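A short write-up of the structure that comes next.
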Amino acid sequence: MHNLTIAELIHGLRNQEFSSVELTRHYLDRIARLDSRYNSYITVTEDIALAQAKAADERLATGDAPALCGVPIAHKDIFCTNGIRTSCGSKMLDNFIPPYDATVVENYRNAGAVMLGKVNMDEFAMGSSNESSFYGPVKNPWNTNCVPGGSSGGSAAAVAAHLAPAATATDTGGSIRQPASLCGLTGLKPTYGRVSRWGMIAFASSLDQGGPITRTAEDAAIMLNTMASFDDKDSTCVDQPLEDYTATLNDSLQGLRIGVPKEYFGEGLDPQTAERVQAAIQEFEKLGAEVKEISLPHTDLSVPAYYVIAPAECSANLSRFDGVRYGYRCEDPKDLNDLYKRSRGEGFGEEVKRRILVGSYALSAGYYDAYYRKAQQVRRLIKQDFVDAFNDVDVVMGPTATSPAFEFGAKSSDPVAMYLEDIYTIATNLAGLPGMSIPCGLVDGKPVGLQLIGNFFAEGKLLNAAHQFQQVTDHHQQTAPDID
Amino acid sequence: MEWETVIGLEVHVQLATTSKIFSGASTAFGAEPNTQACAIDLAMPGTLPVPNEQAFRYAVMFGLAIEADIGKRSVFERKNYFYPDLPKGYQTTQLESPIVGPGHVEIQLADGRTKSIRIHHAHLEEDAGKSLHEDFHGMSGIDLNRAGTPLIEIVSEPDMRSAEEAVAFARKLHSIVTSLGICDGEMSQGSMRFDVNISVRPKGAEEFGTRTETKNLNSFKFMEDCIALEVERQIDLIEDGGRVIQETRLYNGDTKVARSMRSKEEANDYRYFPCPDLLPVDIDDDFIEAVRQQLPELPDARQQRFVEKYKLSDYDAGMLAADAATSHFFETTTQTCGDAKLAANWVMGEVSAHLNAEEKRITSSPVNAEMLGGLIARIKDNTISNKIAKQVFEAMWQGEGDADTIIEAKGLKQMSDTGELEKIVDDVIAANQAMLDDWLASEPDKRKKKMGGFMGPIMKATKGQANPGLVNQILAKKLNSKL
């Protein structure tokens with residue numbers, strides 16, 4: 001059962017080939033038996049999962065079953081879950097139990113999905129390797145000496161190790177696409193505003209966006225159908241009509257215009273990775289697409305602009321963690337300043353502190369114009385690059401990451417090297433566009449991802465292209481070794 | 001040396017919306033601590049702000065009332081600082097693109113002068129919670145009921161030159177926001193709070209002196225006292241060879257003592273930046289026009305109307321028109337009794353004095369406008385004298401019923417029976433031979449005035465119920481017959 005896709009699970013449940021309780025128990029058993037290898041779960045919600053599965057079976061029996069009825073999934077521990085600890089990968093929230101559900105969690109609950117648990121992540125979603133989690137690093141199921149990517153490393157590892165058929169994730173600068181790439185999965189970051197951020201603990205509000213990590217593009221379409229919604233609790237949510245993303249999966253790619261930015265194949269890209277990506281793009285040509293080289297001239301400015309804007313926003317977003325109302329509080333504070341300093345000093349990890357400091361600096365009097373204002377100007381230029389590009393092409397394609405998964409410790413002592421890990425994914429967040437990563441081959445036995453970037457609200461187009469590619473290739477069917 | 005005072009005000013006005021600016025929690029005053037703070041107000045992780053349209057409407061109303069430009073694109077920013085009553089660690093406010101641009105407010109001074117005070121801008125923001133330092137055994141308590149209450153902060157130009165002007169400006173703002181109905185005006189509950197920027201300079205100087213800012217004054221009286229104290233302090237300091245330091249000060253209105261809170265050097269760097277959780281708010285002309293159409297009457301227009309319609313003096317009209325509730329009270333009284341001048345006198349006299357003594361607002365006056373009108377009607381139809389009317393008013397205030405009930409119950413009806421009054425006048429004249437002799441011996445032009453001496457005993461004999469006009473006629477007739 002753990003080798004089935006979401007589409008197959010839905011079919012199997014509806015035809016009563018297996019019950020949701022059986023399926024859920026199967027996954028819970030696997031998690032109990034295998035997750036010590038990967039550390040992908042922070043919290044396993046066994047009782048809730050079984051109760052939800054039982055209820056789902058009852059609904060399935062009556063024939064009145066919503067879209068994901070009985071399908072088990074895992075939630076990134078950044079999504080607040082009513083009554084269940086939501087840590088965001090941090091000591092700061094190790095004891096935090098929200099009294100509300102994130103809209104994403106609510107949407108899946110309403111769709112009948114079963115929650116297996118909360119999966120690991122970089123602390124406050126800050127990281128590209130899942131090494132910054134308070135709950136320890138997550139291991140890549142393809143090679144446990146390697147990182148799974150981040151920040152949604154727990155989501156990716158759990159799906160790659162078949163400890164969940166799909167997982168929710170979030171992407172601020174590549175946190176869905178890069179782990180999907182490193183773990184051989186399909187990951188989709190929707191257009192900014194497509195998925196509600198209510199109850200999704202903020203890292204950088206103008207960049208954060210929820211999305212699914214799955215094994216196939218079809219599963220991603222099914223997952224997005226439930227995840228996407230207009231939510232009046234999130235003012236940045238866009239009131240765009242909802243569509244059925246599975247409806248256009250089988251559209252022909254004849255005449256699809258693909259743009260390949262030359263800037264995405266420059267220095268820093270592993271040659272073998274480049275080769276796999278180029279080969280995948282050629283596959284699209286065989287499907288009838290037209291490929292042309294394009295230019296996104298401000299690409300090299302995206303990492304510097306991002307590392308001003310994201311830390312600036314996080315420096316304010318994380319001010320609420322002050323030891324006063326909830327979360328970690330230091331022992332015996334001697335006065336207010338001591339309470340603040342030690343609660344935050346002890347509650348936050350190193351990377352989080354680094355970004356708060358960088359962001360505070362960039363917003364300081366005398367530096368604001370040089371850093372924050374300038375970065376916002378650059379952000380507009382980067383967005384304009386894409387607006388211009390989408391006049392001529394339908395989908396932009398390139399690598400997701402510079403290389404396959406790297407070993408633990410390889411980049412953790414050099415923040416800049418780690419930040420460059422997101423060089424191809426960050427611009428998408430700055431522009432607010434939808435982006436996707438799908439597996440396109442292996443290098444040294446480790447997966448490599450092809451990135452697809454679409455125009456605003458063109459998720460359907462991306463999923464269609466990815467699905468057609470997966471109809472004629474089997475990269476997505478490759479599984480990590482030794483996952484039993 | 002002669003000194004000139006320069007004053008600018010920053011005024012925080014709590015908007016009278018039913019819910020908070022970014023959450024659905026209630027803004028009602030006086031609830032148990034932390035019972036009106038929802039997850040958003042507590043800055044729980046993952047919560048997001050949603051703007052309250054009513055707050056925008058109120059801010060636009062204020063902007064139109066002071067003839068300001070309305071910011072078509074209004075941007076919220078985060079003002080970052082740590083304090084336990086600021087749950088998010090930043091205040092959501094406006095800086096570069098406020099909702100209300102430059103405008104002006106006209107003030108009237110006691111000597112009849114008017115002056116225009118320029119408004120630099122007014123912006124929307126959220127209020128913080130309250131830190132409670134008593135009753136927690138050396139610790140502090142936090143009440144977040146107020147956190148997220150919508151405010152407009154009105155920032156004036158430094159156009160005021162005396163405490164009188166500053167207070168007149170503050171009162172005028174109070175009058176405007178209460179007339180608009182966008183603020184309840186309850187100063188004691190913190191609905192309006194004033195930060196006063198004060199500097200002094202030699203008279204005639206062009207440049208401003210170094211200013212200090214005294215924060216959070218919540219009464220006109222405190223503001224007046226505080227300005228006097230601070231101006232004196234600054235002048236003494238400079239005349240003694242010192243210099244004023246730019247600092248934030250606190251003034252305790254009860255003890256009348258001011259102290260420094262922090263100097264400019266210690267000031268925070270608030271690291272403002274646009275709030276990424278809130279999109280810029282575009283306000284279109286249709287919205288502004290719709291608000292303009294529904295704008296209630298403003299104090300200046302109302303004053304003008306009172307002068308024209310009720311023939312009141314500028315001063316009386318201004319006093320009554322300043323407050324919407326008082327205006328309404330006056331107009332209802334006038335309608336009931338048919339005499340605007342008398343109604344104005346009673347509202348500004350007895351009613352106002354009683355309210356002040358008991359620190360009550362006119363909306364909770366025990367004597368309502370209809371009751372007052374009923375009382376004045378009895379004066380006009382000579383049922384009672386002015387003097388008796390005050391006695392009746394007092395009884396009404398004590399809750400003894402309306403004017404007619406009290407007049408009837410206490411037998412206060414004016415004596416107008418000519419026969420009876422003639423007898424009493426005769427008796428009094430007979431009983432005061434010395435006064436009569438004196439009157440008869442007086443110069444003819446002094447006699448009218450001296451006649452007044454008989455009034456006291458006559459009124460005493462009638463227990464004050466004699467109709468004074470009638471008594472005068474009878475007395476004149478009787479005395480003249482003795483010449």
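Within each chain, counting starts at residue 1; across the structure tokens, chains are named A, B, ... in the order shown, with ligands numbered 1 upward in that order.
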* Asked: Can you tell me, as an MDAnalysis selection string, what residues are no more than 12 Å from Glu408 in chain B when counting only C-alpha atoms, ignoring any on the same chain fewer than 5 positions away?
  -> chainID B and resid 378 383:384 392 400:403 413:414
* Asked: When the cut-off is 7 Å and we count only C-alpha atoms, which residues of chain A are near chain B, given as a list of chain:residue names?
  ->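 Taken together, these residues fit the definition: A:Trp198, A:Gly199, A:Met200, A:Ile201, A:Ala202, A:Ser205, A:Ser206, A:Lys233, A:Asp234, A:Ser235, A:Thr236, A:Ala316, A:Ser319, A:Arg320, A:Val324, A:Leu363, A:Ser364, A:Ala365.
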* Do a neighbour search on range 3-18 of chain B at 8 Å with only C-alpha atoms, toss out local chain neighbours closer than 5 positions, and write the hits as JSON, numbers by chain. => {"B": [26, 27, 28, 54, 55, 58, 149, 150, 151, 152, 153, 154, 155, 156, 157, 158, 159, 160, 161, 162, 166, 181, 182, 183, 184, 190, 191, 192, 193, 194, 195, 196, 197, 198, 199, 200, 201, 202, 203, 204, 208, 231, 235]}
* To do: Identify, on the basis of only C-alpha atoms, every residue whose closest approach to Asn39 in chain A does not exceed 7 Å; exclude the query and any residue fewer than 4 positions from it along the same chain; express the result as a ChimeraX atom specification.
  => /A:35,138-139
* DSSP on the backbone: what in range 348-448 of chain B comes out helix (DSSP H, G or I), as a ChimeraX atom specification? -> /B:348-358,362-364,369-380,386-397,403-410,418-431,433-441,444-448
* Asked: Leaving out Val195 in chain A and any residue of its chain fewer than 4 positions from it, which residues lie within 8 Å of it when counting only C-alpha atoms, given as a PyMOL selection string?
  -> chain A and resi 104+190-191+209-211+227-230+237
Can you write just those residues out, all heavy atoms, as a compact mmCIF listing (two decimals), in the first residue's frame?
# COMPACT_ATOMS: atom_id res chain seq x y z
N VAL A 104 -4.99 25.70 5.88
CA VAL A 104 -4.56 24.53 5.10
C VAL A 104 -4.95 23.23 5.82
O VAL A 104 -5.48 22.30 5.22
CB VAL A 104 -3.03 24.59 4.84
CG1 VAL A 104 -2.49 23.23 4.43
CG2 VAL A 104 -2.72 25.64 3.79
N PRO A 190 2.78 27.18 -5.11
CA PRO A 190 1.78 27.92 -5.89
C PRO A 190 2.09 29.43 -5.95
O PRO A 190 3.00 29.92 -5.26
CB PRO A 190 0.48 27.67 -5.13
CG PRO A 190 0.76 26.51 -4.22
CD PRO A 190 2.22 26.61 -3.88
N THR A 191 1.32 30.12 -6.75
CA THR A 191 1.38 31.58 -6.83
C THR A 191 1.16 32.16 -5.43
O THR A 191 0.30 31.68 -4.69
CB THR A 191 0.26 32.09 -7.75
OG1 THR A 191 0.33 31.40 -8.99
CG2 THR A 191 0.38 33.60 -8.00
N GLN A 209 4.73 30.67 1.06
CA GLN A 209 3.56 30.10 0.39
C GLN A 209 3.53 28.59 0.62
O GLN A 209 4.56 27.92 0.51
CB GLN A 209 3.60 30.43 -1.11
CG GLN A 209 2.39 30.01 -1.89
CD GLN A 209 1.07 30.71 -1.49
OE1 GLN A 209 0.02 30.26 -1.85
NE2 GLN A 209 1.14 31.79 -0.74
N GLY A 210 2.36 28.09 0.98
CA GLY A 210 2.21 26.66 1.21
C GLY A 210 2.03 25.91 -0.08
O GLY A 210 1.55 26.48 -1.07
N GLY A 211 2.41 24.64 -0.09
CA GLY A 211 2.21 23.81 -1.27
C GLY A 211 2.47 22.35 -0.90
O GLY A 211 2.90 22.05 0.21
N MET A 227 -5.88 22.19 -1.09
CA MET A 227 -5.09 23.17 -0.35
C MET A 227 -5.44 24.61 -0.71
O MET A 227 -5.54 25.48 0.14
CB MET A 227 -3.61 22.91 -0.65
CG MET A 227 -2.66 23.55 0.33
SD MET A 227 -0.96 23.17 -0.20
CE MET A 227 -0.21 22.68 1.32
N ALA A 228 -5.65 24.87 -2.02
CA ALA A 228 -5.91 26.22 -2.48
C ALA A 228 -7.30 26.66 -2.05
O ALA A 228 -8.26 25.90 -2.12
CB ALA A 228 -5.80 26.27 -4.00
N SER A 229 -7.39 27.89 -1.56
CA SER A 229 -8.71 28.44 -1.24
C SER A 229 -8.56 29.94 -1.06
O SER A 229 -7.45 30.43 -0.82
CB SER A 229 -9.26 27.83 0.06
OG SER A 229 -8.44 28.15 1.17
N PHE A 230 -9.66 30.63 -1.23
CA PHE A 230 -9.63 32.05 -0.86
C PHE A 230 -10.02 32.13 0.60
O PHE A 230 -10.97 31.49 1.04
CB PHE A 230 -10.61 32.87 -1.71
CG PHE A 230 -10.71 34.29 -1.23
CD1 PHE A 230 -9.61 35.14 -1.34
CD2 PHE A 230 -11.86 34.76 -0.62
CE1 PHE A 230 -9.68 36.44 -0.87
CE2 PHE A 230 -11.93 36.07 -0.14
CZ PHE A 230 -10.84 36.91 -0.27
N CYS A 237 -4.32 36.84 0.53
CA CYS A 237 -4.89 35.79 -0.29
C CYS A 237 -5.58 36.45 -1.49
O CYS A 237 -6.21 37.49 -1.34
CB CYS A 237 -5.95 35.04 0.53
SG CYS A 237 -5.80 33.27 0.46
* **Those of range 271-399 of chain A in DSSP strand (DSSP E), formatted as JSON, numbers by chain** => {"A": [290, 291, 292, 293, 294, 395, 396, 397, 398, 399]}
Just-selected residues, N, CA and C atoms written as a compact mmCIF listing (two decimals), in the first residue's frame:
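What ended up in result.txt:
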# COMPACT_ATOMS: atom_id res chain seq x y z
N GLU A 290 8.00 23.86 -27.90
CA GLU A 290 9.06 24.62 -28.56
C GLU A 290 9.95 25.20 -27.47
N VAL A 291 11.25 24.99 -27.62
CA VAL A 291 12.18 25.46 -26.59
C VAL A 291 13.01 26.61 -27.14
N LYS A 292 13.09 27.66 -26.37
CA LYS A 292 13.97 28.76 -26.78
C LYS A 292 14.74 29.29 -25.58
N GLU A 293 15.92 29.80 -25.87
CA GLU A 293 16.71 30.38 -24.79
C GLU A 293 16.17 31.78 -24.48
N ILE A 294 16.09 32.07 -23.20
CA ILE A 294 15.67 33.42 -22.80
C ILE A 294 16.68 33.97 -21.82
N VAL A 395 6.15 28.52 -20.14
CA VAL A 395 6.78 27.93 -18.96
C VAL A 395 8.28 28.17 -19.05
N VAL A 396 8.88 28.52 -17.90
CA VAL A 396 10.33 28.65 -17.84
C VAL A 396 10.87 27.38 -17.20
N MET A 397 11.94 26.83 -17.78
CA MET A 397 12.51 25.60 -17.21
C MET A 397 14.00 25.72 -16.98
N GLY A 398 14.44 25.03 -15.92
CA GLY A 398 15.86 25.02 -15.59
C GLY A 398 16.09 24.09 -14.43
N PRO A 399 17.27 24.11 -13.87
CA PRO A 399 17.53 23.26 -12.71
C PRO A 399 16.82 23.81 -11.47
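From CA of Gly150 in chain A back to CA of Ser413 in chain A, the distance works out to 15.8 Å.
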* Skipping near chain neighbours, those fewer than 5 positions away, what residues fall within 10 Å of Asp300 in chain B using only C-alpha atoms, listed as a list of chain:residue names? ->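 In the requested format, the answer is B:Glu106, B:Ile107, B:Lys172, B:Ser175, B:Ile176, B:Arg305, B:Phe306, B:Ala317, B:Gly318, B:Ala321, B:Ala322.
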* In Å, with one decimal, what is the gap from CA of Asp385 in chain A to CA of Phe457 in chain A? -> 17.2 Å
* Write out as a list in words which residues come within 6 Å of range 60-67 of chain B when counting only C-alpha atoms, dropping same-chain ones fewer than 4 positions away. => Val100, Gly103, His104 and Val105 of chain B
* **From A:Ile73, A:Ala417, A:Met92, A:Val147, residue lying nearest Gly327 in chain A [only C-alpha atoms]** =>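 With only C-alpha atoms as the atom set, the closest residue is A:Met92.
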